[in-house]
file coords_32.txt (compact mmCIF, C-alpha atoms (C1' of nucleotides))
# COMPACT_ATOMS: atom_id res chain seq x y z
CA MET A 1301 90.15 86.61 122.13
CA ARG A 1302 92.77 89.33 121.80
CA ILE A 1303 96.34 88.04 121.59
CA ALA A 1304 99.33 90.40 121.69
CA THR A 1305 103.10 90.10 121.52
CA TRP A 1306 105.68 92.59 122.79
CA ASN A 1307 109.44 92.41 123.15
CA VAL A 1308 109.76 94.53 126.31
CA ASN A 1309 113.60 94.60 126.52
CA SER A 1310 113.72 94.07 130.32
CA VAL A 1311 110.42 93.52 132.14
CA LYS A 1312 111.90 95.19 135.23
CA VAL A 1313 112.61 98.50 133.48
CA ARG A 1314 109.42 98.29 131.42
CA LEU A 1315 107.00 97.33 134.21
CA PRO A 1316 105.27 100.76 134.56
CA LEU A 1317 104.76 100.96 130.78
CA LEU A 1318 103.64 97.33 130.61
CA LEU A 1319 101.05 97.73 133.36
CA ALA A 1320 99.70 100.94 131.80
CA TRP A 1321 99.44 99.28 128.39
CA LEU A 1322 97.67 96.19 129.76
CA GLU A 1323 95.08 98.38 131.47
CA GLU A 1324 94.47 100.32 128.29
CA ALA A 1325 94.66 97.59 125.60
CA LYS A 1326 93.11 94.80 127.72
CA PRO A 1327 94.53 91.86 125.77
CA ASP A 1328 93.41 88.38 126.86
CA VAL A 1329 96.84 86.89 126.14
CA VAL A 1330 100.23 88.64 125.96
CA CYS A 1331 103.48 87.08 124.79
CA LEU A 1332 106.54 88.88 126.17
CA GLN A 1333 110.13 88.53 125.02
CA GLU A 1334 113.48 89.67 126.43
CA ILE A 1335 112.20 89.80 129.98
CA LYS A 1336 115.91 89.57 130.94
CA CYS A 1337 115.40 88.15 134.40
CA LEU A 1338 115.19 84.91 136.34
CA ALA A 1339 111.73 83.53 137.06
CA SER A 1340 112.26 84.43 140.73
CA ASP A 1341 112.56 88.14 139.78
CA PHE A 1342 109.51 88.23 137.49
CA PRO A 1343 106.85 90.76 138.68
CA GLU A 1344 104.17 88.10 139.05
CA LEU A 1345 102.23 89.90 141.81
CA GLU A 1346 101.89 93.18 139.93
CA LEU A 1347 100.55 91.31 136.90
CA LYS A 1348 98.25 89.19 139.04
CA GLY A 1349 96.88 92.51 140.29
CA LEU A 1350 95.62 93.20 136.77
CA GLY A 1351 94.18 89.70 136.51
CA TYR A 1352 96.93 87.98 134.54
CA HIS A 1353 98.31 84.51 135.14
CA ALA A 1354 101.96 84.19 134.08
CA GLU A 1355 103.92 81.28 132.65
CA LEU A 1356 107.52 81.98 131.83
CA VAL A 1357 111.03 80.76 131.32
CA GLY A 1358 113.63 83.14 132.76
CA GLN A 1359 117.35 83.67 132.30
CA LYS A 1360 119.76 86.07 133.94
CA SER A 1361 120.62 89.21 131.90
CA TYR A 1362 119.53 87.91 128.49
CA ASN A 1363 116.52 86.42 126.68
CA GLY A 1364 113.57 85.17 128.72
CA VAL A 1365 109.97 84.81 127.50
CA ALA A 1366 106.60 84.93 129.21
CA LEU A 1367 102.98 84.20 128.46
CA LEU A 1368 100.38 86.25 130.34
CA ALA A 1369 96.72 85.26 130.21
CA LYS A 1370 93.47 86.19 131.91
CA GLU A 1371 92.44 82.53 131.76
CA ARG A 1372 94.76 80.06 133.44
CA PRO A 1373 97.17 78.55 130.85
CA ARG A 1374 97.14 74.75 130.59
CA ASP A 1375 99.58 72.08 129.33
CA VAL A 1376 102.57 74.46 129.39
CA ILE A 1377 105.88 73.59 127.74
CA TYR A 1378 108.94 75.66 128.63
CA ALA A 1379 111.29 75.03 125.72
CA LEU A 1380 111.24 74.48 121.98
CA PRO A 1381 111.52 70.71 121.48
CA GLY A 1382 114.38 69.17 119.53
CA ASP A 1383 117.58 70.03 121.42
CA ASP A 1384 117.90 69.26 125.13
CA THR A 1385 121.31 70.95 125.23
CA ASP A 1386 119.91 74.39 124.31
CA THR A 1387 119.76 76.40 127.55
CA GLN A 1388 118.65 79.75 126.10
CA ALA A 1389 115.23 80.90 127.37
CA ARG A 1390 113.41 81.57 124.11
CA TYR A 1391 110.17 79.58 124.06
CA VAL A 1392 107.06 79.00 126.15
CA GLU A 1393 103.82 77.50 124.83
CA ALA A 1394 100.45 76.81 126.44
CA THR A 1395 96.74 76.34 125.83
CA VAL A 1396 94.53 79.32 126.68
CA GLY A 1397 90.82 78.81 126.14
CA ASP A 1398 90.64 76.80 122.92
CA PHE A 1399 93.86 78.30 121.46
CA ARG A 1400 97.40 76.99 121.56
CA VAL A 1401 99.74 79.99 121.94
CA ALA A 1402 103.53 80.24 121.85
CA SER A 1403 105.74 83.14 122.96
CA ILE A 1404 108.82 83.06 120.73
CA TYR A 1405 112.15 84.90 120.93
CA LEU A 1406 113.99 83.73 117.85
CA PRO A 1407 117.78 84.22 117.91
CA ASN A 1408 119.08 87.44 116.33
CA GLY A 1409 121.92 85.66 114.51
CA ASN A 1410 124.35 88.57 114.15
CA PRO A 1411 127.14 88.76 113.40
CA VAL A 1412 126.80 86.45 110.39
CA GLY A 1413 130.02 84.41 110.21
CA THR A 1414 129.99 83.53 113.92
CA ASP A 1415 128.28 80.52 115.51
CA LYS A 1416 125.32 82.80 116.24
CA TYR A 1417 124.05 82.56 112.66
CA PRO A 1418 123.97 78.77 112.29
CA TYR A 1419 122.30 78.68 115.72
CA LYS A 1420 119.57 80.94 114.35
CA LEU A 1421 119.02 78.73 111.28
CA GLU A 1422 119.01 75.58 113.39
CA TRP A 1423 116.48 77.19 115.74
CA ILE A 1424 114.18 78.04 112.82
CA GLY A 1425 114.55 74.42 111.67
CA ARG A 1426 113.47 73.15 115.09
CA LEU A 1427 110.54 75.57 115.09
CA HIS A 1428 109.57 74.30 111.62
CA ALA A 1429 109.60 70.69 112.83
CA HIS A 1430 107.61 71.53 115.96
CA ALA A 1431 105.11 73.61 113.96
CA GLU A 1432 104.39 70.56 111.78
CA THR A 1433 103.43 68.65 114.94
CA LEU A 1434 101.25 71.54 116.15
CA LEU A 1435 99.42 71.70 112.81
CA GLU A 1436 98.66 67.97 112.94
CA ALA A 1437 96.68 68.55 116.15
CA GLU A 1438 94.39 71.00 114.30
CA THR A 1439 94.03 73.16 117.40
CA PRO A 1440 93.77 76.87 116.51
CA THR A 1441 97.37 77.97 117.06
CA VAL A 1442 99.12 81.36 117.29
CA LEU A 1443 102.93 81.47 117.14
CA ALA A 1444 103.63 84.98 118.43
CA GLY A 1445 106.85 86.76 119.06
CA ASP A 1446 110.05 88.47 118.02
CA TYR A 1447 111.18 86.41 115.03
CA ASN A 1448 114.18 88.60 114.24
CA VAL A 1449 113.19 88.10 110.60
CA ILE A 1450 112.32 90.86 108.09
CA PRO A 1451 110.08 88.91 105.68
CA GLU A 1452 110.07 91.28 102.67
CA GLU A 1453 111.74 94.42 101.29
CA GLU A 1454 108.69 96.48 102.27
CA ASP A 1455 109.28 95.52 105.91
CA VAL A 1456 112.52 97.51 106.28
CA TYR A 1457 113.30 101.21 105.76
CA ASP A 1458 116.48 100.57 103.73
CA PRO A 1459 116.62 97.08 102.19
CA ALA A 1460 120.03 97.66 100.58
CA ALA A 1461 121.67 98.51 103.90
CA TRP A 1462 120.20 95.37 105.51
CA ARG A 1463 120.84 92.92 102.66
CA GLU A 1464 123.57 90.89 104.42
CA ASP A 1465 122.21 91.27 107.95
CA ALA A 1466 121.12 88.09 109.78
CA LEU A 1467 117.57 89.50 110.00
CA PHE A 1468 117.20 89.97 106.24
CA ARG A 1469 119.66 87.87 104.24
CA MET A 1470 118.04 85.51 101.77
CA GLU A 1471 118.88 82.33 103.70
CA THR A 1472 116.99 83.70 106.72
CA ARG A 1473 113.99 84.83 104.70
CA ARG A 1474 113.83 81.47 102.92
CA ALA A 1475 113.80 79.57 106.22
CA PHE A 1476 111.05 81.83 107.56
CA ARG A 1477 109.04 81.51 104.34
CA SER A 1478 109.32 77.72 104.54
CA LEU A 1479 107.87 77.85 108.06
CA VAL A 1480 104.99 80.08 106.92
CA ASN A 1481 104.42 77.83 103.89
CA LEU A 1482 103.48 74.94 106.18
CA GLY A 1483 100.12 76.74 106.20
CA PHE A 1484 100.47 79.74 108.52
CA THR A 1485 99.01 83.18 107.90
CA ASP A 1486 100.91 86.36 108.80
CA GLY A 1487 98.12 87.78 110.97
CA PHE A 1488 99.14 91.40 110.57
CA ARG A 1489 99.70 91.25 106.81
CA ALA A 1490 96.33 89.53 106.29
CA ILE A 1491 94.68 92.67 107.66
CA ASP A 1492 97.04 95.49 106.66
CA PRO A 1493 98.88 95.13 103.33
CA SER A 1494 100.48 98.58 103.41
CA PRO A 1495 104.30 98.72 103.23
CA HIS A 1496 106.56 100.22 105.91
CA ARG A 1497 104.57 99.11 108.93
CA TYR A 1498 107.19 98.54 111.61
CA THR A 1499 107.32 96.92 115.05
CA PHE A 1500 110.92 97.84 115.95
CA TRP A 1501 112.96 101.04 115.74
CA ASP A 1502 116.60 101.08 116.87
CA TYR A 1503 117.34 103.36 119.82
CA GLN A 1504 120.24 104.85 117.85
CA ALA A 1505 120.46 107.49 115.13
CA GLY A 1506 116.94 108.88 115.56
CA ARG A 1507 115.34 105.86 113.89
CA TRP A 1508 112.03 106.29 115.75
CA GLN A 1509 111.77 110.00 114.96
CA ARG A 1510 112.40 109.27 111.26
CA ASP A 1511 110.14 106.17 111.22
CA GLU A 1512 113.06 104.04 110.04
CA GLY A 1513 112.14 100.65 111.46
CA LEU A 1514 111.77 96.94 110.87
CA ARG A 1515 108.77 94.60 110.92
CA ILE A 1516 110.23 91.65 112.84
CA ASP A 1517 107.51 90.81 115.41
CA HIS A 1518 104.92 88.49 113.94
CA LEU A 1519 101.70 86.62 114.70
CA LEU A 1520 101.66 83.38 112.70
CA LEU A 1521 98.18 81.84 112.62
CA SER A 1522 97.41 78.22 111.87
CA PRO A 1523 94.57 77.68 109.34
CA ARG A 1524 92.00 77.20 112.10
CA ALA A 1525 93.17 80.37 113.85
CA ALA A 1526 93.31 82.33 110.59
CA ASP A 1527 89.66 81.36 109.92
CA ARG A 1528 88.79 83.24 113.12
CA LEU A 1529 90.86 86.38 112.46
CA VAL A 1530 88.82 89.56 112.87
CA THR A 1531 91.48 92.26 113.00
CA ALA A 1532 95.14 92.93 113.77
CA ALA A 1533 97.23 96.03 114.43
CA ILE A 1534 100.55 97.44 115.50
CA ASP A 1535 100.13 99.72 118.52
CA LYS A 1536 102.82 102.36 118.12
CA SER A 1537 101.86 104.37 121.21
CA PRO A 1538 104.15 102.60 123.75
CA ARG A 1539 107.19 103.22 121.51
CA ALA A 1540 106.65 106.99 121.76
CA LYS A 1541 106.74 107.06 125.56
CA ASP A 1542 109.64 107.76 127.92
CA LYS A 1543 111.64 104.65 128.83
CA ALA A 1544 110.21 102.84 125.79
CA SER A 1545 111.28 99.42 124.56
CA ASP A 1546 112.81 99.45 121.08
CA HIS A 1547 109.87 97.17 120.05
CA THR A 1548 106.16 98.01 120.18
CA PRO A 1549 103.21 95.62 120.72
CA ILE A 1550 101.26 94.00 117.91
CA TRP A 1551 97.97 92.21 118.49
CA CYS A 1552 95.16 90.38 116.74
CA GLU A 1553 91.52 89.71 117.55
CA LEU A 1554 90.23 86.16 116.99
CA ARG A 1555 86.55 85.37 117.32
C1' DA B 710 130.23 111.12 109.25
C1' DT B 711 131.09 103.29 110.43
C1' DG B 712 128.09 108.00 113.83
C1' DG B 713 124.11 106.81 117.54
C1' DT B 714 121.41 104.17 122.56
C1' DT B 715 119.77 101.00 125.99
C1' DG B 716 120.16 97.30 129.46
C1' DC B 717 122.77 93.79 131.52
C1' DC B 718 124.88 92.03 139.07
C1' DT B 719 128.70 96.80 132.76
C1' DC B 720 134.02 98.49 132.50
C1' DG B 721 132.41 94.66 127.17
C1' DC B 722 128.58 92.58 125.05
C1' DA B 723 124.10 91.92 122.97
C1' DA B 724 120.73 94.13 120.57

call {"tool": "encode", "arguments": {"input": "coords_32.txt", "output": "structure tokens"}}
result
Amino acid sequence: MRIATWNVNSVKVRLPLLLAWLEEAKPDVVCLQEIKCLASDFPELELKGLGYHAELVGQKSYNGVALLAKERPRDVIYALPGDDTDTQARYVEATVGDFRVASIYLPNGNPVGTDKYPYKLEWIGRLHAHAETLLEAETPTVLAGDYNVIPEEEDVYDPAAWREDALFRMETRRAFRSLVNLGFTDGFRAIDPSPHRYTFWDYQAGRWQRDEGLRIDHLLLSPRAADRLVTAAIDKSPRAKDKASDHTPIWCELR
DNA sequence: ATGGTTGCCTCGCAA
């Protein structure tokens, strides 16, 4: 089972690239983030044409996550539990085959010093609590998505410049580490330990051309999923194309 | 050099 995650930064704009990549990479499950549209505007028919079922939670202009799967997803939940007042479309989770898979768009949190940052920390706290529940079920689980967290210095081109950013400051990294320490494996890192492997490059200042990026999209594997990990990779090819997202897909193969 | 770009029912905001 090949499971991928990709922040597409508008599914409408990215649809030609997305369809081309699905045909080439043939993932069984794809978690999308920042679809930036209502469910009624989601290109369900085009994706069905390539054999993908879609489960999603949409929102106008911002956020929005989807889960695409060749097998029909079951037992879908459309929000991260723990706060019924949170209306931001950032979480969808379902069972595909014998895996539980979540598509996650964790809040960015910038600028630090506004209410955006405590919202990010609270969101990670809710994810931590929910992850504990998921682990108790002992179903092989993959929490995939844009975490907006740079885990280590080697995951950013200029750690000093990013030290106080919401994606990298110590409080953020500690919260992420605490989530991982519940027993998850960073699926990409388990396969490729080399530094400076990025999943995001800012559109500005020639960051892509200079390979000055961030590793902020992650596949967190529960112990039973990690036991089945065969390989994982970042596919940089979509980032090089015209009309690219600022993120590129990462995927893992689980036997 | 506080630059630069993309996407949003755009004229500011989020990333």

call {"tool": "interface_residues", "arguments": {"input": "coords_32.txt", "of": "chain B", "to": "chain A", "cutoff": "7 Å", "atoms": "all atoms listed in the file", "output": "list of chain:residue names"}}
result
B:DG713, B:DT714, B:DC717

call {"tool": "atom_distance", "arguments": {"input": "coords_32.txt", "atom1": "atom CA of Ala1466 of chain A", "atom2": "atom CA of Asn1448 of chain A"}}
result
8.3 Å

call {"tool": "atom_distance", "arguments": {"input": "coords_32.txt", "atom1": "atom CA of Leu1315 of chain A", "atom2": "atom CA of Pro1343 of chain A"}}
result
7.9 Å

call {"tool": "residues_near_point", "arguments": {"input": "coords_32.txt", "point": "(105.9, 85.1, 123.8)", "cutoff": "8 Å", "atoms": "only C-alpha atoms (C1' of nucleotides)", "output": "VMD selection string"}}
result
chain A and resid 1305 to 1306 1330 to 1333 1365 to 1367 1391 to 1393 1402 to 1405 1444 to 1446

call {"tool": "atom_distance", "arguments": {"input": "coords_32.txt", "atom1": "atom CA of Ala1460 of chain A", "atom2": "atom CA of Arg1473 of chain A"}}
result
14.8 Å

call {"tool": "closest_residue", "arguments": {"input": "coords_32.txt", "among": "A:Glu1453, A:Tyr1378, A:Ala1304, A:Leu1317", "to": "Ala1339 of chain A", "atoms": "all atoms listed in the file"}}
result
A:Tyr1378

call {"tool": "axis_aligned_box", "arguments": {"input": "coords_32.txt", "around": "segment 1510-1528 of chain A", "padding_each_side": "4 Å", "output": "JSON"}}
result
{"center_x": 100.9, "center_y": 93.2, "center_z": 112.4, "size_x": 32.3, "size_y": 40.1, "size_z": 14.1}

call {"tool": "closest_residue", "arguments": {"input": "coords_32.txt", "among": "A:Gly1513, A:Pro1327, A:Gly1409, A:Gly1358", "to": "Cys1552 of chain A", "atoms": "all atoms listed in the file"}}
result
A:Pro1327

call {"tool": "residues_around", "arguments": {"input": "coords_32.txt", "residues": "Glu1324 of chain A", "least_positions_apart": "6", "cutoff": "12 Å", "atoms": "all atoms listed in the file", "output": "list of chain:residue names"}}
result
A:Leu1317, A:Leu1318, A:Leu1350, A:Asp1535, A:Ser1537, A:Pro1538

call {"tool": "closest_residue", "arguments": {"input": "coords_32.txt", "among": "A:Ala1540, A:Leu1319, A:Ala1325, A:Leu1467", "to": "DA724 of chain B", "atoms": "all atoms listed in the file"}}
result
A:Leu1467

call {"tool": "closest_residue", "arguments": {"input": "coords_32.txt", "among": "A:Glu1464, A:Arg1528, A:Val1357, A:Ile1516", "to": "Pro1411 of chain A", "atoms": "all atoms listed in the file"}}
result
A:Glu1464

call {"tool": "closest_residue", "arguments": {"input": "coords_32.txt", "among": "A:Arg1372, A:Arg1539, A:His1353, A:Arg1463", "to": "Pro1451 of chain A", "atoms": "all atoms listed in the file"}}
result
A:Arg1463

call {"tool": "build_atoms", "arguments": {"input": "coords_32.txt", "residues": "segment 1412-1442 of chain A", "atoms": "N, CA and C atoms", "output": "PDB file, keeping the file's coordinate frame"}}
result
ATOM      1  N   VAL A1412     126.708  87.585 111.309  1.00  0.00           N
ATOM      2  CA  VAL A1412     126.800  86.450 110.390  1.00  0.00           C
ATOM      3  C   VAL A1412     128.295  86.101 110.264  1.00  0.00           C
ATOM      4  N   GLY A1413     128.607  84.811 110.269  1.00  0.00           N
ATOM      5  CA  GLY A1413     130.020  84.410 110.210  1.00  0.00           C
ATOM      6  C   GLY A1413     130.517  83.923 111.562  1.00  0.00           C
ATOM      7  N   THR A1414     129.703  84.135 112.617  1.00  0.00           N
ATOM      8  CA  THR A1414     129.990  83.530 113.920  1.00  0.00           C
ATOM      9  C   THR A1414     129.028  82.364 114.119  1.00  0.00           C
ATOM     10  N   ASP A1415     129.182  81.649 115.244  1.00  0.00           N
ATOM     11  CA  ASP A1415     128.280  80.520 115.510  1.00  0.00           C
ATOM     12  C   ASP A1415     126.850  80.979 115.799  1.00  0.00           C
ATOM     13  N   LYS A1416     126.666  82.293 115.970  1.00  0.00           N
ATOM     14  CA  LYS A1416     125.320  82.800 116.240  1.00  0.00           C
ATOM     15  C   LYS A1416     124.385  82.583 115.039  1.00  0.00           C
ATOM     16  N   TYR A1417     124.923  82.677 113.835  1.00  0.00           N
ATOM     17  CA  TYR A1417     124.050  82.560 112.660  1.00  0.00           C
ATOM     18  C   TYR A1417     123.576  81.128 112.413  1.00  0.00           C
ATOM     19  N   PRO A1418     124.479  80.146 112.410  1.00  0.00           N
ATOM     20  CA  PRO A1418     123.970  78.770 112.290  1.00  0.00           C
ATOM     21  C   PRO A1418     123.023  78.383 113.418  1.00  0.00           C
ATOM     22  N   TYR A1419     123.240  78.930 114.611  1.00  0.00           N
ATOM     23  CA  TYR A1419     122.300  78.680 115.720  1.00  0.00           C
ATOM     24  C   TYR A1419     120.908  79.205 115.373  1.00  0.00           C
ATOM     25  N   LYS A1420     120.857  80.380 114.773  1.00  0.00           N
ATOM     26  CA  LYS A1420     119.570  80.940 114.350  1.00  0.00           C
ATOM     27  C   LYS A1420     118.872  80.017 113.333  1.00  0.00           C
ATOM     28  N   LEU A1421     119.612  79.588 112.320  1.00  0.00           N
ATOM     29  CA  LEU A1421     119.020  78.730 111.280  1.00  0.00           C
ATOM     30  C   LEU A1421     118.561  77.394 111.861  1.00  0.00           C
ATOM     31  N   GLU A1422     119.370  76.850 112.763  1.00  0.00           N
ATOM     32  CA  GLU A1422     119.010  75.580 113.390  1.00  0.00           C
ATOM     33  C   GLU A1422     117.739  75.758 114.229  1.00  0.00           C
ATOM     34  N   TRP A1423     117.648  76.893 114.892  1.00  0.00           N
ATOM     35  CA  TRP A1423     116.480  77.190 115.740  1.00  0.00           C
ATOM     36  C   TRP A1423     115.219  77.284 114.880  1.00  0.00           C
ATOM     37  N   ILE A1424     115.328  77.958 113.739  1.00  0.00           N
ATOM     38  CA  ILE A1424     114.180  78.040 112.820  1.00  0.00           C
ATOM     39  C   ILE A1424     113.796  76.638 112.339  1.00  0.00           C
ATOM     40  N   GLY A1425     114.811  75.796 112.092  1.00  0.00           N
ATOM     41  CA  GLY A1425     114.550  74.420 111.670  1.00  0.00           C
ATOM     42  C   GLY A1425     113.790  73.636 112.731  1.00  0.00           C
ATOM     43  N   ARG A1426     114.181  73.818 113.985  1.00  0.00           N
ATOM     44  CA  ARG A1426     113.470  73.150 115.090  1.00  0.00           C
ATOM     45  C   ARG A1426     112.045  73.681 115.212  1.00  0.00           C
ATOM     46  N   LEU A1427     111.880  74.984 115.023  1.00  0.00           N
ATOM     47  CA  LEU A1427     110.540  75.570 115.090  1.00  0.00           C
ATOM     48  C   LEU A1427     109.668  75.018 113.949  1.00  0.00           C
ATOM     49  N   HIS A1428     110.272  74.866 112.779  1.00  0.00           N
ATOM     50  CA  HIS A1428     109.570  74.300 111.620  1.00  0.00           C
ATOM     51  C   HIS A1428     109.076  72.891 111.943  1.00  0.00           C
ATOM     52  N   ALA A1429     109.968  72.075 112.494  1.00  0.00           N
ATOM     53  CA  ALA A1429     109.600  70.690 112.830  1.00  0.00           C
ATOM     54  C   ALA A1429     108.494  70.652 113.887  1.00  0.00           C
ATOM     55  N   HIS A1430     108.620  71.499 114.901  1.00  0.00           N
ATOM     56  CA  HIS A1430     107.610  71.530 115.960  1.00  0.00           C
ATOM     57  C   HIS A1430     106.277  72.061 115.426  1.00  0.00           C
ATOM     58  N   ALA A1431     106.331  73.029 114.545  1.00  0.00           N
ATOM     59  CA  ALA A1431     105.110  73.610 113.960  1.00  0.00           C
ATOM     60  C   ALA A1431     104.342  72.555 113.177  1.00  0.00           C
ATOM     61  N   GLU A1432     105.050  71.661 112.505  1.00  0.00           N
ATOM     62  CA  GLU A1432     104.390  70.560 111.780  1.00  0.00           C
ATOM     63  C   GLU A1432     103.561  69.721 112.748  1.00  0.00           C
ATOM     64  N   THR A1433     104.141  69.424 113.905  1.00  0.00           N
ATOM     65  CA  THR A1433     103.430  68.650 114.940  1.00  0.00           C
ATOM     66  C   THR A1433     102.204  69.409 115.437  1.00  0.00           C
ATOM     67  N   LEU A1434     102.375  70.722 115.675  1.00  0.00           N
ATOM     68  CA  LEU A1434     101.250  71.540 116.150  1.00  0.00           C
ATOM     69  C   LEU A1434     100.112  71.543 115.128  1.00  0.00           C
ATOM     70  N   LEU A1435     100.453  71.649 113.863  1.00  0.00           N
ATOM     71  CA  LEU A1435      99.420  71.700 112.810  1.00  0.00           C
ATOM     72  C   LEU A1435      98.644  70.394 112.743  1.00  0.00           C
ATOM     73  N   GLU A1436      99.326  69.273 112.983  1.00  0.00           N
ATOM     74  CA  GLU A1436      98.660  67.970 112.940  1.00  0.00           C
ATOM     75  C   GLU A1436      97.530  67.878 113.975  1.00  0.00           C
ATOM     76  N   ALA A1437      97.691  68.591 115.099  1.00  0.00           N
ATOM     77  CA  ALA A1437      96.680  68.550 116.150  1.00  0.00           C
ATOM     78  C   ALA A1437      95.411  69.304 115.754  1.00  0.00           C
ATOM     79  N   GLU A1438      95.532  70.213 114.785  1.00  0.00           N
ATOM     80  CA  GLU A1438      94.390  71.000 114.300  1.00  0.00           C
ATOM     81  C   GLU A1438      93.718  71.836 115.373  1.00  0.00           C
ATOM     82  N   THR A1439      94.482  72.170 116.417  1.00  0.00           N
ATOM     83  CA  THR A1439      94.030  73.160 117.400  1.00  0.00           C
ATOM     84  C   THR A1439      94.341  74.542 116.829  1.00  0.00           C
ATOM     85  N   PRO A1440      93.430  75.509 116.950  1.00  0.00           N
ATOM     86  CA  PRO A1440      93.770  76.870 116.510  1.00  0.00           C
ATOM     87  C   PRO A1440      95.031  77.343 117.229  1.00  0.00           C
ATOM     88  N   THR A1441      96.055  77.717 116.481  1.00  0.00           N
ATOM     89  CA  THR A1441      97.370  77.970 117.060  1.00  0.00           C
ATOM     90  C   THR A1441      97.906  79.330 116.618  1.00  0.00           C
ATOM     91  N   VAL A1442      98.494  80.067 117.570  1.00  0.00           N
ATOM     92  CA  VAL A1442      99.120  81.360 117.290  1.00  0.00           C
ATOM     93  C   VAL A1442     100.579  81.296 117.768  1.00  0.00           C
TER      94      VAL A1442
END
